[in-house]
Amino acid sequence: MKRLEDHVTLITGGGKGIGYGLAEAFAEAGSNLVLTGRTESRLVAAKEKLEAQYGIKVLPIVADGADEEAIRGVVQKTIATFGKINTLVNNAQVSKSGMPLVEHSKEDFDLAIYSGLYAAFFYMRECHPYLKQTKGAVINFASGAGLFGKLGQASYAAAKEGIRGLSRVAAAEWGPDGIRVNVICPLAMTESLQQWKENFPELYEKTIQGIPLGHFADPKGDIGRVCVFLASEDAEYVTGETITLQGGSGLRP
């Protein structure tokens, strides 16, 4: 029997990048999936590949994380299709990266807060009764941008640190319900990062020198499998934690 066989995992931003790597890892472990995102064609393509390769069922739903009613609809469709939710993964986030704090407009700041912090809040609140039924898990994605104050990441870091605070409170409040809530701060190789590597090879090599393990994480193998562990019964006593998956570049006490 596979580690998460018969589970249902909801992954936001699951059609590309880290989100798709997470979807692959959960599918390989036997979990059925609900994938949300803003581009229908990308979600449908992910569904076709994952179902063909792993023999699980995928429900793709187009939804904007800033839309409270849309998120309520995602959860309702998930329950109508699968009848339960075992794991919620809040991965999606949009922001104006590389922009100094003083150049941010309110609209720029709202973009990060609504797509990240509000989306995590809406999904967590709507999924709570179903996670309580399954004694499930929440895995929220934060960032080293917030942990270490990365330049040009003001609104992104604010949203991600807000998610960490939200997660710690939820871990405390939902512990009696049997729900575990943890945070991942990744440093992963994605399509965007690969393009950056090709465009700025010297800067890429300089960045790699600051990672003790010498490479960026693989979304499926290095990030996804840790998330599968956090969703499994092997992590039944792990909650309220922030796990940095940054190859040693995020060293902290």
# chains A, B, ... in the order shown; residues from 1 in each chain; ligands from 1
>>> closest_atom_pairs(of="region 160-222 of chain A", to="region 230-246 of chain A", cutoff="10 Å", atoms="only C-alpha atoms", output="tab-separated table")
residue	atom	partner	partner_atom	distance
A:Arg164	CA	A:Thr242	CA	7.7
A:Gly165	CA	A:Gly240	CA	9.7
A:Ser167	CA	A:Gly240	CA	6.7
A:Arg168	CA	A:Gly240	CA	5.1
A:Val169	CA	A:Gly240	CA	8.1
A:Ala170	CA	A:Gly240	CA	8.1
A:Ala171	CA	A:Gly240	CA	5.1
A:Ala172	CA	A:Gly240	CA	7.4
A:Trp174	CA	A:Thr239	CA	9.9
A:Gly175	CA	A:Thr239	CA	8.0
A:Gly178	CA	A:Glu236	CA	8.8
A:Ile179	CA	A:Thr239	CA	8.4
A:Arg180	CA	A:Thr239	CA	4.9
A:Val181	CA	A:Thr239	CA	5.2
A:Asn182	CA	A:Glu241	CA	5.0
A:Val183	CA	A:Thr242	CA	4.6
A:Ile184	CA	A:Ile243	CA	4.9
A:Cys185	CA	A:Thr244	CA	4.6
A:Pro186	CA	A:Leu245	CA	4.7
A:Leu187	CA	A:Gln246	CA	4.9
A:Ala188	CA	A:Gln246	CA	7.7
A:Ile211	CA	A:Gln246	CA	7.4
A:Pro212	CA	A:Gln246	CA	9.1
A:Leu213	CA	A:Gln246	CA	8.7
A:His215	CA	A:Gln246	CA	9.1
A:Phe216	CA	A:Gln246	CA	7.3
A:Ala217	CA	A:Gln246	CA	7.2
A:Asp222	CA	A:Leu245	CA	7.8
>>> residues_around(residues="Thr78 (chain A)", least_positions_apart="4", cutoff="9 Å", atoms="only C-alpha atoms", output="PyMOL selection string")
chain A and resi 8+10+34+59+73-74+82-85
>>> closest_residue(among="A:Lys16, A:Glu24, A:Phe122, A:Asn140", to="Arg72 (chain A)", atoms="only C-alpha atoms")
A:Phe122
>>> residues_around(residues="Ile113 (chain A)", least_positions_apart="3", cutoff="12 Å", atoms="only C-alpha atoms", output="PyMOL selection string")
chain A and resi 65-66+92-96+106-110+116-121+154-163
>>> write_last_selection(atoms="N, CA and C atoms", output="PDB file, in the first residue's frame")
ATOM      1  N   GLY A  65      -6.844  32.963  -5.656  1.00  0.00           N
ATOM      2  CA  GLY A  65      -6.726  32.857  -4.204  1.00  0.00           C
ATOM      3  C   GLY A  65      -7.235  34.056  -3.442  1.00  0.00           C
ATOM      4  N   ALA A  66      -7.384  35.192  -4.111  1.00  0.00           N
ATOM      5  CA  ALA A  66      -7.881  36.400  -3.450  1.00  0.00           C
ATOM      6  C   ALA A  66      -9.405  36.454  -3.422  1.00  0.00           C
ATOM      7  N   ALA A  92       0.485  28.683  -3.661  1.00  0.00           N
ATOM      8  CA  ALA A  92       0.395  29.775  -4.632  1.00  0.00           C
ATOM      9  C   ALA A  92       0.710  31.135  -4.012  1.00  0.00           C
ATOM     10  N   GLN A  93       1.344  31.997  -4.805  1.00  0.00           N
ATOM     11  CA  GLN A  93       1.691  33.348  -4.360  1.00  0.00           C
ATOM     12  C   GLN A  93       2.075  34.182  -5.571  1.00  0.00           C
ATOM     13  N   VAL A  94       1.621  35.425  -5.602  1.00  0.00           N
ATOM     14  CA  VAL A  94       2.013  36.374  -6.641  1.00  0.00           C
ATOM     15  C   VAL A  94       2.541  37.618  -5.950  1.00  0.00           C
ATOM     16  N   SER A  95       3.584  38.232  -6.511  1.00  0.00           N
ATOM     17  CA  SER A  95       4.107  39.456  -5.906  1.00  0.00           C
ATOM     18  C   SER A  95       4.987  40.208  -6.905  1.00  0.00           C
ATOM     19  N   LYS A  96       5.308  41.463  -6.560  1.00  0.00           N
ATOM     20  CA  LYS A  96       6.226  42.275  -7.339  1.00  0.00           C
ATOM     21  C   LYS A  96       7.636  42.107  -6.757  1.00  0.00           C
ATOM     22  N   LYS A 106       0.170  50.754  -2.921  1.00  0.00           N
ATOM     23  CA  LYS A 106      -0.768  49.945  -2.148  1.00  0.00           C
ATOM     24  C   LYS A 106      -1.241  48.753  -2.977  1.00  0.00           C
ATOM     25  N   GLU A 107      -1.427  48.974  -4.271  1.00  0.00           N
ATOM     26  CA  GLU A 107      -1.864  47.889  -5.152  1.00  0.00           C
ATOM     27  C   GLU A 107      -0.816  46.789  -5.227  1.00  0.00           C
ATOM     28  N   ASP A 108       0.465  47.169  -5.270  1.00  0.00           N
ATOM     29  CA  ASP A 108       1.544  46.179  -5.275  1.00  0.00           C
ATOM     30  C   ASP A 108       1.522  45.361  -3.993  1.00  0.00           C
ATOM     31  N   PHE A 109       1.345  46.061  -2.874  1.00  0.00           N
ATOM     32  CA  PHE A 109       1.341  45.379  -1.583  1.00  0.00           C
ATOM     33  C   PHE A 109       0.118  44.473  -1.468  1.00  0.00           C
ATOM     34  N   ASP A 110      -1.037  44.978  -1.924  1.00  0.00           N
ATOM     35  CA  ASP A 110      -2.264  44.178  -1.887  1.00  0.00           C
ATOM     36  C   ASP A 110      -2.108  42.887  -2.691  1.00  0.00           C
ATOM     37  N   GLY A 116      -1.379  35.672  -1.261  1.00  0.00           N
ATOM     38  CA  GLY A 116      -0.672  34.784  -0.338  1.00  0.00           C
ATOM     39  C   GLY A 116      -1.354  34.635   0.997  1.00  0.00           C
ATOM     40  N   LEU A 117      -1.341  35.696   1.801  1.00  0.00           N
ATOM     41  CA  LEU A 117      -1.864  35.617   3.169  1.00  0.00           C
ATOM     42  C   LEU A 117      -3.369  35.398   3.201  1.00  0.00           C
ATOM     43  N   TYR A 118      -4.121  36.206   2.458  1.00  0.00           N
ATOM     44  CA  TYR A 118      -5.574  36.030   2.453  1.00  0.00           C
ATOM     45  C   TYR A 118      -5.962  34.671   1.878  1.00  0.00           C
ATOM     46  N   ALA A 119      -5.282  34.255   0.815  1.00  0.00           N
ATOM     47  CA  ALA A 119      -5.601  32.961   0.208  1.00  0.00           C
ATOM     48  C   ALA A 119      -5.391  31.824   1.212  1.00  0.00           C
ATOM     49  N   ALA A 120      -4.263  31.845   1.933  1.00  0.00           N
ATOM     50  CA  ALA A 120      -4.007  30.813   2.935  1.00  0.00           C
ATOM     51  C   ALA A 120      -5.089  30.833   4.012  1.00  0.00           C
ATOM     52  N   PHE A 121      -5.443  32.036   4.468  1.00  0.00           N
ATOM     53  CA  PHE A 121      -6.491  32.174   5.482  1.00  0.00           C
ATOM     54  C   PHE A 121      -7.817  31.619   4.984  1.00  0.00           C
ATOM     55  N   ALA A 154       9.880  43.190  -0.165  1.00  0.00           N
ATOM     56  CA  ALA A 154       9.120  43.701   0.977  1.00  0.00           C
ATOM     57  C   ALA A 154       7.712  43.118   1.075  1.00  0.00           C
ATOM     58  N   SER A 155       6.925  43.256   0.032  1.00  0.00           N
ATOM     59  CA  SER A 155       5.540  42.780   0.111  1.00  0.00           C
ATOM     60  C   SER A 155       5.470  41.260   0.152  1.00  0.00           C
ATOM     61  N   TYR A 156       6.342  40.604  -0.600  1.00  0.00           N
ATOM     62  CA  TYR A 156       6.408  39.130  -0.607  1.00  0.00           C
ATOM     63  C   TYR A 156       6.778  38.619   0.782  1.00  0.00           C
ATOM     64  N   ALA A 157       7.804  39.220   1.386  1.00  0.00           N
ATOM     65  CA  ALA A 157       8.241  38.805   2.716  1.00  0.00           C
ATOM     66  C   ALA A 157       7.154  39.056   3.750  1.00  0.00           C
ATOM     67  N   ALA A 158       6.451  40.187   3.628  1.00  0.00           N
ATOM     68  CA  ALA A 158       5.381  40.496   4.570  1.00  0.00           C
ATOM     69  C   ALA A 158       4.267  39.457   4.494  1.00  0.00           C
ATOM     70  N   ALA A 159       3.902  39.079   3.278  1.00  0.00           N
ATOM     71  CA  ALA A 159       2.860  38.066   3.107  1.00  0.00           C
ATOM     72  C   ALA A 159       3.306  36.724   3.676  1.00  0.00           C
ATOM     73  N   LYS A 160       4.549  36.350   3.386  1.00  0.00           N
ATOM     74  CA  LYS A 160       5.040  35.050   3.834  1.00  0.00           C
ATOM     75  C   LYS A 160       5.211  34.978   5.352  1.00  0.00           C
ATOM     76  N   GLU A 161       5.667  36.067   5.971  1.00  0.00           N
ATOM     77  CA  GLU A 161       5.775  36.061   7.429  1.00  0.00           C
ATOM     78  C   GLU A 161       4.391  36.092   8.073  1.00  0.00           C
ATOM     79  N   GLY A 162       3.441  36.734   7.406  1.00  0.00           N
ATOM     80  CA  GLY A 162       2.064  36.675   7.883  1.00  0.00           C
ATOM     81  C   GLY A 162       1.533  35.248   7.860  1.00  0.00           C
ATOM     82  N   ILE A 163       1.874  34.518   6.818  1.00  0.00           N
ATOM     83  CA  ILE A 163       1.465  33.111   6.723  1.00  0.00           C
ATOM     84  C   ILE A 163       2.087  32.289   7.845  1.00  0.00           C
TER      85      ILE A 163
END
>>> select_by_dssp(residues="region 47-204 of chain A", states="strand (DSSP E)", output="ChimeraX atom specification")
/A:58-62,87-90,137-141,180-186
>>> write_last_selection(atoms="C-alpha atoms", output="PDB file, in the first residue's frame")
ATOM      1  CA  VAL A  58      -7.076  14.781 -10.342  1.00  0.00           C
ATOM      2  CA  LEU A  59      -9.709  17.496 -10.066  1.00  0.00           C
ATOM      3  CA  PRO A  60      -8.501  20.760 -11.683  1.00  0.00           C
ATOM      4  CA  ILE A  61     -10.304  23.949 -10.596  1.00  0.00           C
ATOM      5  CA  VAL A  62      -9.609  27.467 -11.835  1.00  0.00           C
ATOM      6  CA  THR A  87      -4.142  17.633   3.299  1.00  0.00           C
ATOM      7  CA  LEU A  88      -4.214  21.282   2.300  1.00  0.00           C
ATOM      8  CA  VAL A  89      -1.085  22.748   0.692  1.00  0.00           C
ATOM      9  CA  ASN A  90      -1.034  26.541   0.334  1.00  0.00           C
ATOM     10  CA  ALA A 137      -2.622  18.361   7.817  1.00  0.00           C
ATOM     11  CA  VAL A 138      -1.979  21.858   6.510  1.00  0.00           C
ATOM     12  CA  ILE A 139       1.320  22.675   4.801  1.00  0.00           C
ATOM     13  CA  ASN A 140       1.850  26.378   4.154  1.00  0.00           C
ATOM     14  CA  PHE A 141       4.666  27.814   2.065  1.00  0.00           C
ATOM     15  CA  ARG A 180      -1.262  19.570  12.184  1.00  0.00           C
ATOM     16  CA  VAL A 181      -0.040  22.821  10.610  1.00  0.00           C
ATOM     17  CA  ASN A 182       3.522  23.271   9.383  1.00  0.00           C
ATOM     18  CA  VAL A 183       5.476  25.666   7.164  1.00  0.00           C
ATOM     19  CA  ILE A 184       8.014  25.012   4.411  1.00  0.00           C
ATOM     20  CA  CYS A 185      10.539  27.618   3.215  1.00  0.00           C
ATOM     21  CA  PRO A 186      11.943  26.230  -0.055  1.00  0.00           C
TER      22      PRO A 186
END
>>> select_by_dssp(residues="region 58-247 of chain A", states="helix (DSSP H, G or I)", output="count of residues only")
110
>>> atom_distance(atom1="CA of Gly248 (chain A)", atom2="CA of Glu198 (chain A)")
23.6 Å
>>> closest_residue(among="A:Gly37, A:Gly30, A:Gly210, A:Pro176", to="Gly17 (chain A)", atoms="only C-alpha atoms")
A:Gly37
>>> residues_around(residues="Ala45 (chain A)", least_positions_apart="3", cutoff="12 Å", atoms="only C-alpha atoms", output="PDB file with C-alpha atoms, in the first residue's frame")
ATOM      1  CA  GLY A  14      -0.455  23.073  -8.563  1.00  0.00           C
ATOM      2  CA  GLY A  15      -0.159  23.438 -12.315  1.00  0.00           C
ATOM      3  CA  LYS A  16       3.456  24.550 -12.542  1.00  0.00           C
ATOM      4  CA  TYR A  20       3.488  20.682  -9.871  1.00  0.00           C
ATOM      5  CA  LEU A  35      -5.168  21.368  -8.205  1.00  0.00           C
ATOM      6  CA  THR A  39      -4.762  29.075 -16.007  1.00  0.00           C
ATOM      7  CA  GLU A  40      -7.171  26.316 -17.018  1.00  0.00           C
ATOM      8  CA  SER A  41      -5.027  24.876 -19.835  1.00  0.00           C
ATOM      9  CA  ARG A  42      -2.084  24.387 -17.482  1.00  0.00           C
ATOM     10  CA  GLU A  48      -3.687  14.443 -17.884  1.00  0.00           C
ATOM     11  CA  LYS A  49      -0.010  13.827 -17.112  1.00  0.00           C
ATOM     12  CA  LEU A  50      -0.516  12.953 -13.459  1.00  0.00           C
ATOM     13  CA  GLU A  51      -3.447  10.612 -14.034  1.00  0.00           C
ATOM     14  CA  ALA A  52      -1.644   8.805 -16.861  1.00  0.00           C
ATOM     15  CA  VAL A  58      -7.076  14.781 -10.342  1.00  0.00           C
ATOM     16  CA  LEU A  59      -9.709  17.496 -10.066  1.00  0.00           C
ATOM     17  CA  PRO A  60      -8.501  20.760 -11.683  1.00  0.00           C
TER      18      PRO A  60
END
